[in-house]
Structures are given as C-alpha cells and as structure tokens.
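Asker: Compact mmCIF, C-alpha atoms and all ligand atoms, saved as upload28.txt, coming up:
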```
# COMPACT_ATOMS: atom_id res chain seq x y z
CA MET A 1 -0.75 13.13 26.68
CA LYS A 2 -1.90 9.86 25.20
CA SER A 3 -5.58 9.24 24.68
CA GLY A 4 -7.43 6.29 26.24
CA PRO A 5 -7.66 4.25 23.03
CA VAL A 6 -3.94 4.75 22.40
CA VAL A 7 -3.09 3.51 25.91
CA SER A 8 -5.27 0.45 25.31
CA LEU A 9 -3.57 -0.25 22.02
CA LEU A 10 -0.10 0.15 23.50
CA ALA A 11 -1.10 -2.27 26.29
CA ALA A 12 -2.28 -4.72 23.66
CA ILE A 13 1.05 -4.43 21.85
CA ALA A 14 2.93 -5.03 25.09
CA ALA A 15 0.83 -8.15 25.72
CA CYS A 16 1.52 -9.26 22.17
CA ALA A 17 5.25 -8.78 22.60
CA ALA A 18 5.12 -10.78 25.83
CA GLY A 19 3.35 -13.64 24.07
CA LEU A 20 0.21 -13.22 26.15
CA CYS A 21 -2.33 -12.54 23.44
CA GLY A 22 -1.93 -15.67 21.33
CA CYS A 23 -1.88 -13.74 18.06
CA ALA A 24 1.76 -14.37 17.23
CA THR A 25 1.15 -18.09 16.90
CA ALA A 26 -1.92 -17.51 14.79
CA GLN A 27 -0.22 -15.01 12.52
CA LEU A 28 3.00 -16.88 11.98
CA GLY A 29 1.17 -20.19 11.72
CA GLY A 30 4.15 -21.87 10.09
CA GLY A 31 2.91 -20.69 6.70
CA GLU A 32 5.08 -19.30 3.96
CA LYS A 33 5.77 -15.60 3.90
CA VAL A 34 3.79 -13.72 1.29
CA LYS A 35 6.18 -12.11 -1.19
CA VAL A 36 4.98 -8.57 -1.85
CA VAL A 37 5.89 -5.84 -4.31
CA LEU A 38 4.37 -2.56 -3.15
CA ASP A 39 3.51 0.03 -5.78
CA THR A 40 2.64 3.40 -4.31
CA ASP A 41 1.72 6.99 -5.11
CA MET A 42 3.27 8.05 -1.80
CA ILE A 43 2.84 11.83 -1.41
CA SER A 44 -0.60 11.91 -3.06
CA ASP A 45 -2.08 11.18 0.36
CA PHE A 46 -0.79 9.82 3.64
CA ASP A 47 -2.63 6.50 3.79
CA ASP A 48 0.25 5.17 1.67
CA MET A 49 2.61 5.79 4.58
CA GLY A 50 0.28 3.94 6.96
CA ALA A 51 0.11 1.08 4.47
CA LEU A 52 3.89 0.86 4.15
CA ALA A 53 4.24 0.90 7.94
CA MET A 54 1.77 -1.96 8.21
CA LEU A 55 3.61 -3.92 5.54
CA HIS A 56 6.82 -3.61 7.56
CA ALA A 57 5.03 -4.66 10.76
CA LEU A 58 3.68 -7.72 8.95
CA ALA A 59 7.19 -8.47 7.68
CA ASP A 60 8.51 -8.16 11.24
CA ALA A 61 5.89 -10.72 12.29
CA GLY A 62 7.08 -13.15 9.62
CA GLU A 63 3.90 -12.85 7.58
CA CYS A 64 5.46 -11.36 4.46
CA GLU A 65 8.65 -10.48 2.66
CA ILE A 66 8.93 -7.07 0.98
CA LEU A 67 10.56 -7.57 -2.42
CA ALA A 68 10.43 -3.98 -3.67
CA THR A 69 8.78 -0.63 -3.00
CA ILE A 70 8.08 1.29 -6.19
CA SER A 71 6.69 4.73 -6.99
CA CYS A 72 4.11 5.24 -9.73
CA THR A 73 4.53 9.05 -9.75
CA LYS A 74 7.55 11.13 -10.74
CA ASP A 75 9.09 14.57 -10.27
CA ASN A 76 8.59 14.67 -6.51
CA GLY A 77 9.83 13.24 -3.20
CA SER A 78 7.90 9.98 -3.28
CA VAL A 79 10.86 7.60 -3.38
CA ALA A 80 12.67 9.35 -0.52
CA ALA A 81 9.55 9.11 1.65
CA VAL A 82 9.41 5.39 0.94
CA GLU A 83 13.10 4.97 1.70
CA ILE A 84 12.80 6.88 4.99
CA CYS A 85 10.07 4.50 6.12
CA ASN A 86 12.04 1.46 4.93
CA ALA A 87 15.08 2.66 6.89
CA TYR A 88 13.00 3.32 10.02
CA TYR A 89 11.92 -0.32 9.97
CA GLY A 90 15.49 -1.53 9.49
CA ARG A 91 15.17 -2.38 5.79
CA PRO A 92 17.11 0.39 4.00
CA ASP A 93 18.17 -1.94 1.19
CA ILE A 94 14.75 -2.83 -0.19
CA PRO A 95 14.88 -2.12 -3.93
CA VAL A 96 13.11 1.09 -4.92
CA GLY A 97 12.15 2.38 -8.32
CA CYS A 98 10.23 5.14 -10.01
CA THR A 99 8.16 5.23 -13.16
CA LYS A 100 9.74 6.75 -16.25
CA ALA A 101 6.59 6.41 -18.34
CA PRO A 102 5.73 9.52 -20.42
CA GLY A 103 2.10 9.38 -19.33
CA ALA A 104 2.80 8.92 -15.63
CA VAL A 105 1.34 11.32 -13.08
CA SER A 106 3.99 13.92 -12.36
CA GLY A 107 4.61 16.71 -9.86
CA LYS A 108 4.02 17.68 -6.27
CA PRO A 109 0.42 17.61 -5.09
CA TRP A 110 -1.07 19.54 -2.22
CA GLY A 111 0.31 18.04 0.98
CA HIS A 112 3.65 17.16 -0.58
CA ASP A 113 5.38 19.48 1.90
CA LYS A 114 4.98 17.00 4.75
CA PHE A 115 7.01 14.49 2.81
CA LEU A 116 9.74 17.05 2.12
CA LYS A 117 9.81 17.76 5.85
CA LEU A 118 10.68 14.10 6.34
CA GLN A 119 13.81 14.59 4.22
CA LYS A 120 14.96 17.37 6.56
CA LYS A 121 14.16 15.39 9.70
CA TYR A 122 15.75 12.10 8.62
CA PRO A 123 18.88 13.00 6.59
CA GLY A 124 21.10 10.14 5.56
CA THR A 125 18.28 7.60 5.45
CA PHE A 126 17.42 7.94 1.75
CA ARG A 127 19.26 7.91 -1.57
CA TYR A 128 16.86 9.63 -3.95
CA ALA A 129 15.71 13.07 -2.82
CA ASP A 130 14.36 13.49 -6.34
CA SER A 131 12.36 10.45 -7.37
CA ASP A 132 13.45 10.83 -10.97
CA ASP A 133 16.98 9.76 -9.96
CA ALA A 134 15.72 6.36 -8.76
CA PRO A 135 16.00 3.25 -10.98
CA ASP A 136 13.39 2.60 -13.65
CA ALA A 137 10.36 0.95 -12.06
CA VAL A 138 9.98 -1.53 -14.91
CA ASP A 139 13.58 -2.66 -14.62
CA VAL A 140 13.13 -3.22 -10.88
CA TYR A 141 9.90 -5.13 -11.43
CA ARG A 142 11.47 -7.38 -14.04
CA ARG A 143 14.59 -8.06 -11.99
CA VAL A 144 12.65 -8.84 -8.84
CA LEU A 145 9.99 -10.98 -10.52
CA ALA A 146 12.51 -12.97 -12.55
CA ALA A 147 14.30 -14.02 -9.36
CA GLN A 148 11.18 -15.39 -7.66
CA PRO A 149 9.55 -18.83 -7.85
CA ASP A 150 6.64 -19.17 -10.25
CA GLY A 151 3.26 -18.07 -8.94
CA SER A 152 4.67 -16.65 -5.73
CA VAL A 153 4.43 -12.85 -5.87
CA VAL A 154 1.60 -10.58 -4.76
CA VAL A 155 1.65 -7.13 -6.35
CA CYS A 156 -0.14 -4.55 -4.22
CA SER A 157 -0.83 -1.21 -5.90
CA LEU A 158 -1.91 1.80 -3.87
CA GLY A 159 -1.86 4.41 -6.62
CA PHE A 160 -2.01 4.88 -10.36
CA LEU A 161 -1.88 1.80 -12.60
CA THR A 162 0.96 3.11 -14.76
CA ASN A 163 3.58 0.59 -13.70
CA MET A 164 1.26 -2.36 -14.27
CA ARG A 165 0.76 -1.25 -17.86
CA THR A 166 4.45 -0.60 -18.55
CA LEU A 167 5.37 -3.91 -16.94
CA LEU A 168 2.87 -5.78 -19.13
CA GLU A 169 4.25 -4.05 -22.23
CA SER A 170 7.92 -4.59 -21.36
CA LYS A 171 10.19 -6.62 -23.62
CA PRO A 172 12.58 -9.51 -22.90
CA ASP A 173 15.81 -8.25 -21.33
CA ALA A 174 18.84 -9.38 -19.35
CA HIS A 175 16.60 -10.28 -16.39
CA SER A 176 14.23 -12.58 -18.29
CA PRO A 177 13.60 -13.84 -21.82
CA LEU A 178 9.87 -13.49 -21.19
CA SER A 179 7.68 -10.64 -22.34
CA GLY A 180 6.19 -8.52 -19.58
CA ARG A 181 2.83 -10.22 -19.79
CA ASP A 182 4.37 -13.69 -19.75
CA LEU A 183 6.64 -12.74 -16.86
CA VAL A 184 3.63 -11.55 -14.83
CA LYS A 185 1.71 -14.67 -15.79
CA ALA A 186 4.59 -16.86 -14.60
CA LYS A 187 5.53 -15.10 -11.37
CA VAL A 188 2.56 -13.15 -10.03
CA LYS A 189 0.02 -14.96 -7.90
CA LYS A 190 -2.36 -12.02 -7.81
CA TRP A 191 -2.62 -8.26 -8.00
CA VAL A 192 -4.36 -6.45 -5.17
CA ALA A 193 -5.30 -2.99 -6.43
CA MET A 194 -6.75 -0.05 -4.54
CA ALA A 195 -8.62 1.39 -7.50
CA CYS A 196 -11.98 1.95 -9.18
CA PHE A 197 -15.40 3.17 -8.08
CA TYR A 198 -18.40 0.90 -7.55
CA PRO A 199 -20.70 0.32 -9.38
CA TYR A 200 -19.44 2.92 -11.85
CA GLY A 201 -17.70 6.25 -11.63
CA ARG A 202 -14.36 7.98 -11.59
CA GLU A 203 -11.83 7.11 -8.91
CA TYR A 204 -8.53 8.91 -8.28
CA ASN A 205 -6.09 6.03 -8.78
CA SER A 206 -7.68 4.50 -11.86
CA ALA A 207 -8.47 7.89 -13.42
CA GLY A 208 -5.02 9.45 -12.93
CA ASP A 209 -3.48 7.58 -15.87
CA ALA A 210 -6.68 6.34 -17.46
CA GLU A 211 -5.11 4.79 -20.55
CA SER A 212 -2.74 2.71 -18.44
CA SER A 213 -5.64 1.64 -16.23
CA ARG A 214 -7.63 0.55 -19.25
CA ILE A 215 -4.79 -1.60 -20.56
CA ALA A 216 -3.69 -3.00 -17.21
CA LEU A 217 -7.18 -4.02 -16.07
CA ARG A 218 -7.91 -5.54 -19.48
CA ASP A 219 -4.67 -7.44 -20.03
CA TRP A 220 -3.46 -8.53 -16.57
CA PRO A 221 -3.11 -12.33 -16.82
CA THR A 222 -3.57 -13.38 -13.17
CA PRO A 223 -6.37 -12.75 -10.63
CA ILE A 224 -7.03 -9.14 -9.63
CA VAL A 225 -8.51 -8.28 -6.23
CA ILE A 226 -9.93 -4.75 -6.24
CA THR A 227 -10.36 -2.78 -3.03
CA ASP A 228 -12.46 -0.03 -4.54
CA PHE A 229 -13.02 3.48 -3.23
CA GLN A 230 -16.12 2.61 -1.25
CA TYR A 231 -14.43 -0.11 0.81
CA GLY A 232 -11.57 1.92 2.26
CA ARG A 233 -13.53 5.17 2.55
CA HIS A 234 -15.42 3.86 5.55
CA LEU A 235 -12.43 2.45 7.40
CA TYR A 236 -10.34 4.68 9.64
CA ALA A 237 -6.89 4.38 11.16
CA GLY A 238 -3.96 6.54 12.15
CA ARG A 239 -5.27 8.68 15.00
CA ALA A 240 -3.58 6.31 17.43
CA VAL A 241 -0.15 6.57 15.82
CA ALA A 242 -0.52 10.36 15.45
CA GLU A 243 -1.16 10.64 19.19
CA SER A 244 1.31 7.94 20.25
CA GLY A 245 3.95 10.39 21.40
CA MET A 246 6.54 8.65 19.20
CA GLU A 247 8.83 11.50 18.13
CA ASP A 248 11.33 9.77 15.86
CA ASN A 249 8.87 7.77 13.83
CA PRO A 250 8.23 9.03 10.27
CA VAL A 251 4.85 7.31 10.18
CA ALA A 252 3.73 9.13 13.34
CA ASP A 253 5.11 12.35 11.86
CA VAL A 254 3.12 12.08 8.65
CA PHE A 255 -0.12 11.29 10.45
CA ARG A 256 0.48 14.04 13.02
CA TRP A 257 1.10 16.53 10.19
CA GLY A 258 -1.82 15.22 8.13
CA LEU A 259 -4.64 14.88 10.65
CA GLU A 260 -6.44 17.75 12.33
CA PRO A 261 -5.42 18.05 15.99
CA ARG A 262 -8.14 16.50 18.15
CA GLU A 263 -9.06 19.86 19.69
CA LYS A 264 -9.68 21.39 16.25
CA ILE A 265 -12.06 18.71 14.99
CA THR A 266 -15.43 20.18 14.06
CA PRO A 267 -18.80 18.63 13.18
CA THR A 268 -17.70 18.64 9.54
CA SER A 269 -14.45 16.81 10.26
CA TRP A 270 -15.85 14.40 12.86
CA ASP A 271 -14.59 11.36 10.95
CA GLN A 272 -10.99 12.38 11.73
CA LEU A 273 -11.56 11.31 15.34
CA ALA A 274 -10.54 7.78 14.38
CA GLY A 275 -7.96 8.86 11.84
CA HIS A 276 -7.87 8.94 8.06
CA PRO A 277 -9.76 6.85 5.50
CA SER A 278 -7.77 3.67 5.07
CA TRP A 279 -7.93 2.88 1.38
CA ASP A 280 -4.29 1.83 1.22
CA GLU A 281 -3.85 0.25 4.64
CA SER A 282 -6.76 -2.11 4.00
CA ALA A 283 -5.31 -3.06 0.61
CA VAL A 284 -2.02 -4.07 2.26
CA LEU A 285 -3.84 -6.11 4.88
CA ILE A 286 -5.72 -7.95 2.13
CA ALA A 287 -2.53 -8.43 0.07
CA VAL A 288 -0.73 -10.14 2.96
CA ARG A 289 -3.50 -11.96 4.83
CA GLY A 290 -5.82 -12.63 1.91
CA GLU A 291 -9.16 -11.10 1.02
CA ASP A 292 -11.04 -13.68 3.09
CA SER A 293 -9.31 -12.49 6.28
CA ILE A 294 -11.35 -9.33 6.67
CA CYS A 295 -13.65 -9.20 3.63
CA ALA A 296 -16.26 -10.94 1.59
CA VAL A 297 -15.82 -10.91 -2.17
CA GLU A 298 -17.96 -10.42 -5.23
CA ARG A 299 -16.85 -12.04 -8.50
CA GLY A 300 -16.53 -9.95 -11.65
CA TYR A 301 -14.17 -7.39 -13.06
CA TYR A 302 -13.69 -3.67 -13.55
CA GLU A 303 -13.18 -2.10 -16.95
CA MET A 304 -12.53 1.47 -18.01
CA THR A 305 -15.37 2.83 -20.12
CA ASP A 306 -13.88 5.99 -21.61
CA ASP A 307 -10.67 8.00 -21.85
CA LYS A 308 -11.66 10.25 -18.94
CA GLY A 309 -11.06 7.63 -16.29
CA ASN A 310 -14.57 6.34 -15.71
CA ASP A 311 -14.93 2.68 -14.81
CA THR A 312 -17.75 0.22 -14.38
CA TRP A 313 -18.10 -3.08 -12.53
CA ARG A 314 -19.24 -6.16 -14.44
CA TYR A 315 -20.67 -9.06 -12.45
CA ARG A 316 -19.46 -12.43 -13.60
CA LEU A 317 -19.58 -15.43 -11.29
CA ASP A 318 -16.82 -17.37 -13.07
CA SER A 319 -14.40 -14.41 -13.19
CA PRO A 320 -10.95 -14.95 -11.66
CA HIS A 321 -11.18 -11.34 -10.47
CA CYS A 322 -13.17 -9.91 -7.58
CA ARG A 323 -13.91 -6.80 -5.53
CA VAL A 324 -14.06 -6.82 -1.75
CA LEU A 325 -16.99 -6.13 0.55
CA PRO A 326 -17.05 -5.57 4.31
CA LYS A 327 -17.09 -8.64 6.52
CA LEU A 328 -15.48 -7.42 9.73
CA SER A 329 -16.84 -4.17 11.14
CA ARG A 330 -15.01 -0.89 10.54
CA GLU A 331 -14.05 -0.84 14.23
CA GLU A 332 -12.54 -4.32 14.04
CA VAL A 333 -10.53 -3.56 10.89
CA GLY A 334 -9.49 -0.17 12.26
CA ALA A 335 -8.17 -1.80 15.44
CA ILE A 336 -6.12 -4.31 13.41
CA MET A 337 -4.61 -1.54 11.31
CA ASP A 338 -3.86 0.75 14.25
CA GLU A 339 -2.24 -2.06 16.20
CA LEU A 340 0.06 -2.88 13.28
CA MET A 341 0.99 0.78 12.75
CA LEU A 342 1.87 1.16 16.43
CA ARG A 343 4.22 -1.81 16.61
CA PRO A 344 7.81 -0.69 17.11
CA PRO A 345 10.23 -1.96 14.44
CA LEU A 346 11.63 -5.38 15.22
CA SER A 347 15.07 -4.00 14.37
CA ALA A 348 14.78 -1.55 17.28
CA ALA A 349 14.62 -4.47 19.73
CA GLN A 350 17.72 -6.20 18.35
CA CA B 1 -2.29 5.85 -2.45
```
When written as structure tokens, how does the structure in this file appear?
Ligand SMILES: [Ca+2]

Answerer:
Amino acid sequence: MKSGPVVSLLAAIAACAAGLCGCATAQLGGGEKVKVVLDTDMISDFDDMGALAMLHALADAGECEILATISCTKDNGSVAAVEICNAYYGRPDIPVGCTKAPGAVSGKPWGHDKFLKLQKKYPGTFRYADSDDAPDAVDVYRRVLAAQPDGSVVVCSLGFLTNMRTLLESKPDAHSPLSGRDLVKAKVKKWVAMACFYPYGREYNSAGDAESSRIALRDWPTPIVITDFQYGRHLYAGRAVAESGMEDNPVADVFRWGLEPREKITPTSWDQLAGHPSWDESAVLIAVRGEDSICAVERGYYEMTDDKGNDTWRYRLDSPHCRVLPKLSREEVGAIMDELMLRPPLSAAQ
C-alpha cells in the first residue's frame, strides 16, 4: 500500500514524463552535461545508494555524464553494490575501481549484509563480488581524467578521502605524463566532498583515513566544496522509494532493508518518517547542479588538526574553497531528492 506522499510523488513523475511540469526544459537547458567521477564508501551506510541512484536519474535527464564510480574502501562488497545499481540504470559499463592503498578503510561494517543480499538478488549484473578484484582506483582515475577536456571534471566524494590523496601522489604513467597533482589541476573543475564537521570536530568520512584527509584537503589544487556533516544531517530522503512498491529496484531494496518499517517507528526514531539523513544525496545534487542551486556558501577551508581525524573550519573570504549552508528548506530539498530517486531508469522505457 503506497502512502499519500509517495502517490503524490509518483503523480509528479508522471506529469514530468508527460512534459506537463516544465522541469525538463529547465533542467536540460541546453547546457553542457556535468562530467562526474563518483567516489563512494558504499556499504558504510545506505545514503550512498540513494546518491548513486540520483546521479543516474540526473544522467538520464541529460544533466550529467558519469565517468567512473569508484570505491574508497576495500575487502567488502562495495564495488558489486555500485555495479548492481549501474546495471539497473542501464549503464553496466561505467568504469569501476577500488582503492589499493595500505591505509584505506577495510572490511565489512555493520549493515554490510544488505549489500550482500543484493548480490544474491541480482546475479549476473556485477563483475566484482569482492571489491579487491576490481581495478586500482588510482589507475581508473588517471585514465578517465587524462581522456577529458581540461577543467571539465567534477569529483564527488561520499566517503573517505583516501583516493584523493593517492591520486594527488600518483606518478606519470601510460595514461598521462603529468603528476597526480598536475593532472588534477589540469582536468578537475572542482571537488565536492561530503566530509568534515563544522566548526570543528571529528566526522566519519574525514576521520576514517585521517592522514589522507590531511594531505588531500591541504594539497588539492582546484576549488573544494564541502558539504559537511551538519548540512546533510538535517535533510531526509528515501522513505518514498522504500515504500514505492518497486520490487526489482536495488535502490528501493536497500532503503526498505535499511529504514525502520513505518509501523515500528517510535518517538526516538521519528526522523525516519521522511527517510534517512541525506549527506550523500545532497552532495550529488550539489555536484551536478552547483552549490548555488540549493545552498548558500561560506568561503574558507577545512584543515585536519591532528592525527585522530579532528578538523576545523577556517574562514577566509578570498578562499577558492567553501562549505555549504541551507538555502532551500529541508522539505524542498527532500522533495527534489525523493523525486529523482523515484524516477524509473530511462533505459527501461527504451
Ligand atoms: Ca557515504
């Protein structure tokens, strides 16, 4: 039985598909597609899956092109979960990779079982049941970046900053004569990172591989847009897709398995009524549509202050870097994210 809000959202999607809502024109707008590399700690939490679904919906709408989908954790089923989602949206050939860095976060966190269940439900839609068998993330980054026009790529990281560090420290190779830092400087327009805690503190993504975070945040040569913990914590999405009734949709599966059933929500889990905190979904929205689309920004930069993963924000008006602040309400942003997650794959209509 679909809830009222889900019915409304499905009606909105139908109107969109029929060209009645006017949004298609606004979104396509004749502009160039944003070229995105997605870097994810898929399996640490399930907002990564919502974010990847949104990225595919935005690609279906002609707003972006997905260049690669890369895991920043190893020894788990992260890459397969990414591949299953890519295949669901009709893009099984998107390059995937996995970190090989010695200091990378490794293993299977609590909640990993839902991603292994995906492997059983969607056999034949992934190549790398064990993420460690996937290509080296740095090699994929270098190959993909080298093939792109200068200043054209947006890197969107939803997890640990390991791959940013190893990319910066990479050496010239068959893909490019440039060092990692020079390759990033030449090809990457900006890095949108879900990381850090405002105004200071210890946040999961930036603390997980603290040394890599320290180096990446310090040495990245193009603008960094930070969607810190506080921004996404107060945004919610995913209840609609969990209750959509879509049975053969891995995104709906993960949210259905991750969220409390509506009837079991208690006063202490009230915030699950609208879904799950949307740290990663909001980062993808900002990566594709720009930070000004849903946010205000504050100029400055984050730096790591110790080897335990603590960070602090430094205000600086002339900084190329920024953090985001709410502009649209949480309900408005939540509706945008839910609508994107509920869109059926374009490939399913062809
Ligand atoms: Ca994540």

Asker: Which residue out of A:Gly290, A:Gly97, A:Pro277, A:Pro102 has the minimum interatomic distance to ligand CA 1 (chain B) when all atoms listed in the file are used?

Answerer: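 That would be A:Pro277, the residue with the smallest distance to ligand CA 1 (chain B).
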
Asker: With only C-alpha atoms and all ligand atoms counted, collect every polymer residue having an atom within 7 Å of ligand CA 1 (chain B); state the result as a PyMOL selection string.

Answerer: chain A and resi 40-42+44-45+47-48+158-159+280

Asker: List the neighbours of Arg214 (chain A) out to 9 Å using all atoms listed in the file; skip same-chain residues closer than 6 positions along the sequence, and give me the result as a ChimeraX atom specification.

Answerer: /A:161,165,206,303-307,309,311

Asker: Name all residues at most 8 Å from Asp130 (chain A) (count only C-alpha atoms; drop same-chain ones fewer than 5 positions away) and give them as a list of chain:residue names.

Answerer: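 In the requested format, the answer is A:Asp75, A:Asn76, A:Gly77, A:Ser78, A:Val79, A:Ala80.
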
Asker: For CA of Pro95 (chain A) and CA of Ala137 (chain A), determine how far apart the two atoms are, in Å to one decimal place.

Answerer: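 Separation of CA of Pro95 (chain A) and CA of Ala137 (chain A): 9.8 Å.
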
Asker: Just the residues within 7 Å of region 222-229 of chain A, please, counting only C-alpha atoms, with nothing from its chain fewer than 4 positions along; format it as a list in words.

Answerer: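 These residues fall inside the cut-off: Lys185, Val188, Lys189, Lys190, Trp191, Val192, Ala193, Met194, Ala195, Cys196, Phe197, Tyr198, Glu203, Arg233, Trp279, Ala283, Pro320, His321, Cys322, Arg323 and Val324 of chain A.
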
Asker: Residues near Ser278 (chain A), anyone? I mean within 9 Å using all atoms listed in the file, not counting same-chain ones fewer than 4 positions away, as a ChimeraX atom specification.

Answerer: /A:47-48,50-51,231-238,282-283,334,337

Asker: Listing only residues of region 110-218 of chain A within 12 Å of region 258-261 of chain A, what is the closest atom pair and its distance in Å (to one decimal) for each, using only C-alpha atoms, sorted by chain and residue number ascending, as JSON lines?

Answerer:
```
{"residue": "A:Trp110", "atom": "CA", "partner": "A:Gly258", "partner_atom": "CA", "distance": 11.2}
{"residue": "A:Gly111", "atom": "CA", "partner": "A:Gly258", "partner_atom": "CA", "distance": 8.0}
{"residue": "A:His112", "atom": "CA", "partner": "A:Gly258", "partner_atom": "CA", "distance": 10.5}
{"residue": "A:Asp113", "atom": "CA", "partner": "A:Gly258", "partner_atom": "CA", "distance": 10.4}
{"residue": "A:Lys114", "atom": "CA", "partner": "A:Gly258", "partner_atom": "CA", "distance": 7.8}
{"residue": "A:Phe115", "atom": "CA", "partner": "A:Gly258", "partner_atom": "CA", "distance": 10.3}
```

Asker: Can you work out the spacing between CA of Glu332 (chain A) and CA of Gly245 (chain A) in Å, to one decimal?

Answerer: 23.3 Å

Asker: What does the distance from CA of Glu32 (chain A) to CA of Glu65 (chain A) come to in Å, to one decimal?

Answerer: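 Distance between the two atoms: 9.6 Å.
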
Asker: Could you pull out every residue with an atom within 12 Å of (4.1, 0.2, 2.1), file coordinates, counting all atoms listed in the file, and send them as a PyMOL selection string?

Answerer: chain A and resi 36-42+46-59+64-71+78-79+81-86+89+91+94+96+155-159+251+280-285+287-288+341

Asker: Measuring atom to atom with all atoms listed in the file, identify which of A:Asp60, A:Val153, A:Cys72, A:Lys327 is nearest to Asp292 (chain A).

Answerer: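 Counting all atoms listed in the file, the residue closest to Asp292 (chain A) is A:Lys327.
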
Asker: Looking at all atoms listed in the file, which of A:Leu325, A:Val105, A:Val184, A:Ala348 is the one that sits closest to Val144 (chain A)?

Answerer: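 Residue with the minimum atom-to-atom distance to Val144 (chain A): A:Val184.
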
Asker: With N, CA and C atoms as the goal, would you fill in the gaps in region 172-198 of chain A and present it as a PDB file, keeping the file's coordinate frame?

Answerer:
```pdb
ATOM      1  N   PRO A 172      11.526  -8.662 -23.471  1.00  0.00           N
ATOM      2  CA  PRO A 172      12.580  -9.510 -22.900  1.00  0.00           C
ATOM      3  C   PRO A 172      13.860  -8.696 -22.688  1.00  0.00           C
ATOM      4  N   ASP A 173      14.588  -9.009 -21.626  1.00  0.00           N
ATOM      5  CA  ASP A 173      15.810  -8.250 -21.330  1.00  0.00           C
ATOM      6  C   ASP A 173      16.807  -9.165 -20.616  1.00  0.00           C
ATOM      7  N   ALA A 174      17.820  -8.576 -20.010  1.00  0.00           N
ATOM      8  CA  ALA A 174      18.840  -9.380 -19.350  1.00  0.00           C
ATOM      9  C   ALA A 174      18.280 -10.123 -18.133  1.00  0.00           C
ATOM     10  N   HIS A 175      17.189  -9.641 -17.574  1.00  0.00           N
ATOM     11  CA  HIS A 175      16.600 -10.280 -16.390  1.00  0.00           C
ATOM     12  C   HIS A 175      15.775 -11.520 -16.757  1.00  0.00           C
ATOM     13  N   SER A 176      15.114 -11.474 -17.906  1.00  0.00           N
ATOM     14  CA  SER A 176      14.230 -12.580 -18.290  1.00  0.00           C
ATOM     15  C   SER A 176      13.997 -12.576 -19.792  1.00  0.00           C
ATOM     16  N   PRO A 177      13.923 -13.773 -20.393  1.00  0.00           N
ATOM     17  CA  PRO A 177      13.600 -13.840 -21.820  1.00  0.00           C
ATOM     18  C   PRO A 177      12.108 -13.679 -22.090  1.00  0.00           C
ATOM     19  N   LEU A 178      11.323 -13.566 -21.027  1.00  0.00           N
ATOM     20  CA  LEU A 178       9.870 -13.490 -21.190  1.00  0.00           C
ATOM     21  C   LEU A 178       9.412 -12.053 -21.466  1.00  0.00           C
ATOM     22  N   SER A 179       8.329 -11.942 -22.202  1.00  0.00           N
ATOM     23  CA  SER A 179       7.680 -10.640 -22.340  1.00  0.00           C
ATOM     24  C   SER A 179       7.107 -10.242 -20.981  1.00  0.00           C
ATOM     25  N   GLY A 180       6.745  -8.962 -20.857  1.00  0.00           N
ATOM     26  CA  GLY A 180       6.190  -8.520 -19.580  1.00  0.00           C
ATOM     27  C   GLY A 180       4.965  -9.300 -19.173  1.00  0.00           C
ATOM     28  N   ARG A 181       4.068  -9.505 -20.128  1.00  0.00           N
ATOM     29  CA  ARG A 181       2.830 -10.220 -19.790  1.00  0.00           C
ATOM     30  C   ARG A 181       3.123 -11.661 -19.388  1.00  0.00           C
ATOM     31  N   ASP A 182       4.040 -12.308 -20.098  1.00  0.00           N
ATOM     32  CA  ASP A 182       4.370 -13.690 -19.750  1.00  0.00           C
ATOM     33  C   ASP A 182       5.120 -13.771 -18.424  1.00  0.00           C
ATOM     34  N   LEU A 183       5.926 -12.758 -18.138  1.00  0.00           N
ATOM     35  CA  LEU A 183       6.640 -12.740 -16.860  1.00  0.00           C
ATOM     36  C   LEU A 183       5.639 -12.593 -15.703  1.00  0.00           C
ATOM     37  N   VAL A 184       4.680 -11.700 -15.861  1.00  0.00           N
ATOM     38  CA  VAL A 184       3.630 -11.550 -14.830  1.00  0.00           C
ATOM     39  C   VAL A 184       2.856 -12.853 -14.691  1.00  0.00           C
ATOM     40  N   LYS A 185       2.496 -13.431 -15.828  1.00  0.00           N
ATOM     41  CA  LYS A 185       1.710 -14.670 -15.790  1.00  0.00           C
ATOM     42  C   LYS A 185       2.460 -15.785 -15.061  1.00  0.00           C
ATOM     43  N   ALA A 186       3.782 -15.813 -15.237  1.00  0.00           N
ATOM     44  CA  ALA A 186       4.590 -16.860 -14.600  1.00  0.00           C
ATOM     45  C   ALA A 186       4.808 -16.611 -13.117  1.00  0.00           C
ATOM     46  N   LYS A 187       5.034 -15.379 -12.724  1.00  0.00           N
ATOM     47  CA  LYS A 187       5.530 -15.100 -11.370  1.00  0.00           C
ATOM     48  C   LYS A 187       4.481 -14.545 -10.409  1.00  0.00           C
ATOM     49  N   VAL A 188       3.476 -13.866 -10.920  1.00  0.00           N
ATOM     50  CA  VAL A 188       2.560 -13.150 -10.030  1.00  0.00           C
ATOM     51  C   VAL A 188       1.352 -14.009  -9.673  1.00  0.00           C
ATOM     52  N   LYS A 189       1.171 -14.184  -8.391  1.00  0.00           N
ATOM     53  CA  LYS A 189       0.020 -14.960  -7.900  1.00  0.00           C
ATOM     54  C   LYS A 189      -1.258 -14.152  -8.052  1.00  0.00           C
ATOM     55  N   LYS A 190      -1.199 -12.896  -7.640  1.00  0.00           N
ATOM     56  CA  LYS A 190      -2.360 -12.020  -7.810  1.00  0.00           C
ATOM     57  C   LYS A 190      -1.935 -10.570  -7.656  1.00  0.00           C
ATOM     58  N   TRP A 191      -2.809  -9.705  -8.117  1.00  0.00           N
ATOM     59  CA  TRP A 191      -2.620  -8.260  -8.000  1.00  0.00           C
ATOM     60  C   TRP A 191      -3.754  -7.713  -7.149  1.00  0.00           C
ATOM     61  N   VAL A 192      -3.384  -7.138  -6.016  1.00  0.00           N
ATOM     62  CA  VAL A 192      -4.360  -6.450  -5.170  1.00  0.00           C
ATOM     63  C   VAL A 192      -4.254  -4.962  -5.478  1.00  0.00           C
ATOM     64  N   ALA A 193      -5.334  -4.384  -5.952  1.00  0.00           N
ATOM     65  CA  ALA A 193      -5.300  -2.990  -6.430  1.00  0.00           C
ATOM     66  C   ALA A 193      -6.317  -2.150  -5.680  1.00  0.00           C
ATOM     67  N   MET A 194      -5.825  -1.054  -5.063  1.00  0.00           N
ATOM     68  CA  MET A 194      -6.750  -0.050  -4.540  1.00  0.00           C
ATOM     69  C   MET A 194      -7.075   0.864  -5.707  1.00  0.00           C
ATOM     70  N   ALA A 195      -8.247   0.640  -6.295  1.00  0.00           N
ATOM     71  CA  ALA A 195      -8.620   1.390  -7.500  1.00  0.00           C
ATOM     72  C   ALA A 195     -10.098   1.184  -7.786  1.00  0.00           C
ATOM     73  N   CYS A 196     -10.639   2.049  -8.597  1.00  0.00           N
ATOM     74  CA  CYS A 196     -11.980   1.950  -9.180  1.00  0.00           C
ATOM     75  C   CYS A 196     -13.100   2.349  -8.209  1.00  0.00           C
ATOM     76  N   PHE A 197     -14.245   2.641  -8.807  1.00  0.00           N
ATOM     77  CA  PHE A 197     -15.400   3.170  -8.080  1.00  0.00           C
ATOM     78  C   PHE A 197     -16.608   2.306  -8.407  1.00  0.00           C
ATOM     79  N   TYR A 198     -17.260   1.808  -7.362  1.00  0.00           N
ATOM     80  CA  TYR A 198     -18.400   0.900  -7.550  1.00  0.00           C
ATOM     81  C   TYR A 198     -19.723   1.661  -7.484  1.00  0.00           C
TER      82      TYR A 198
END
```
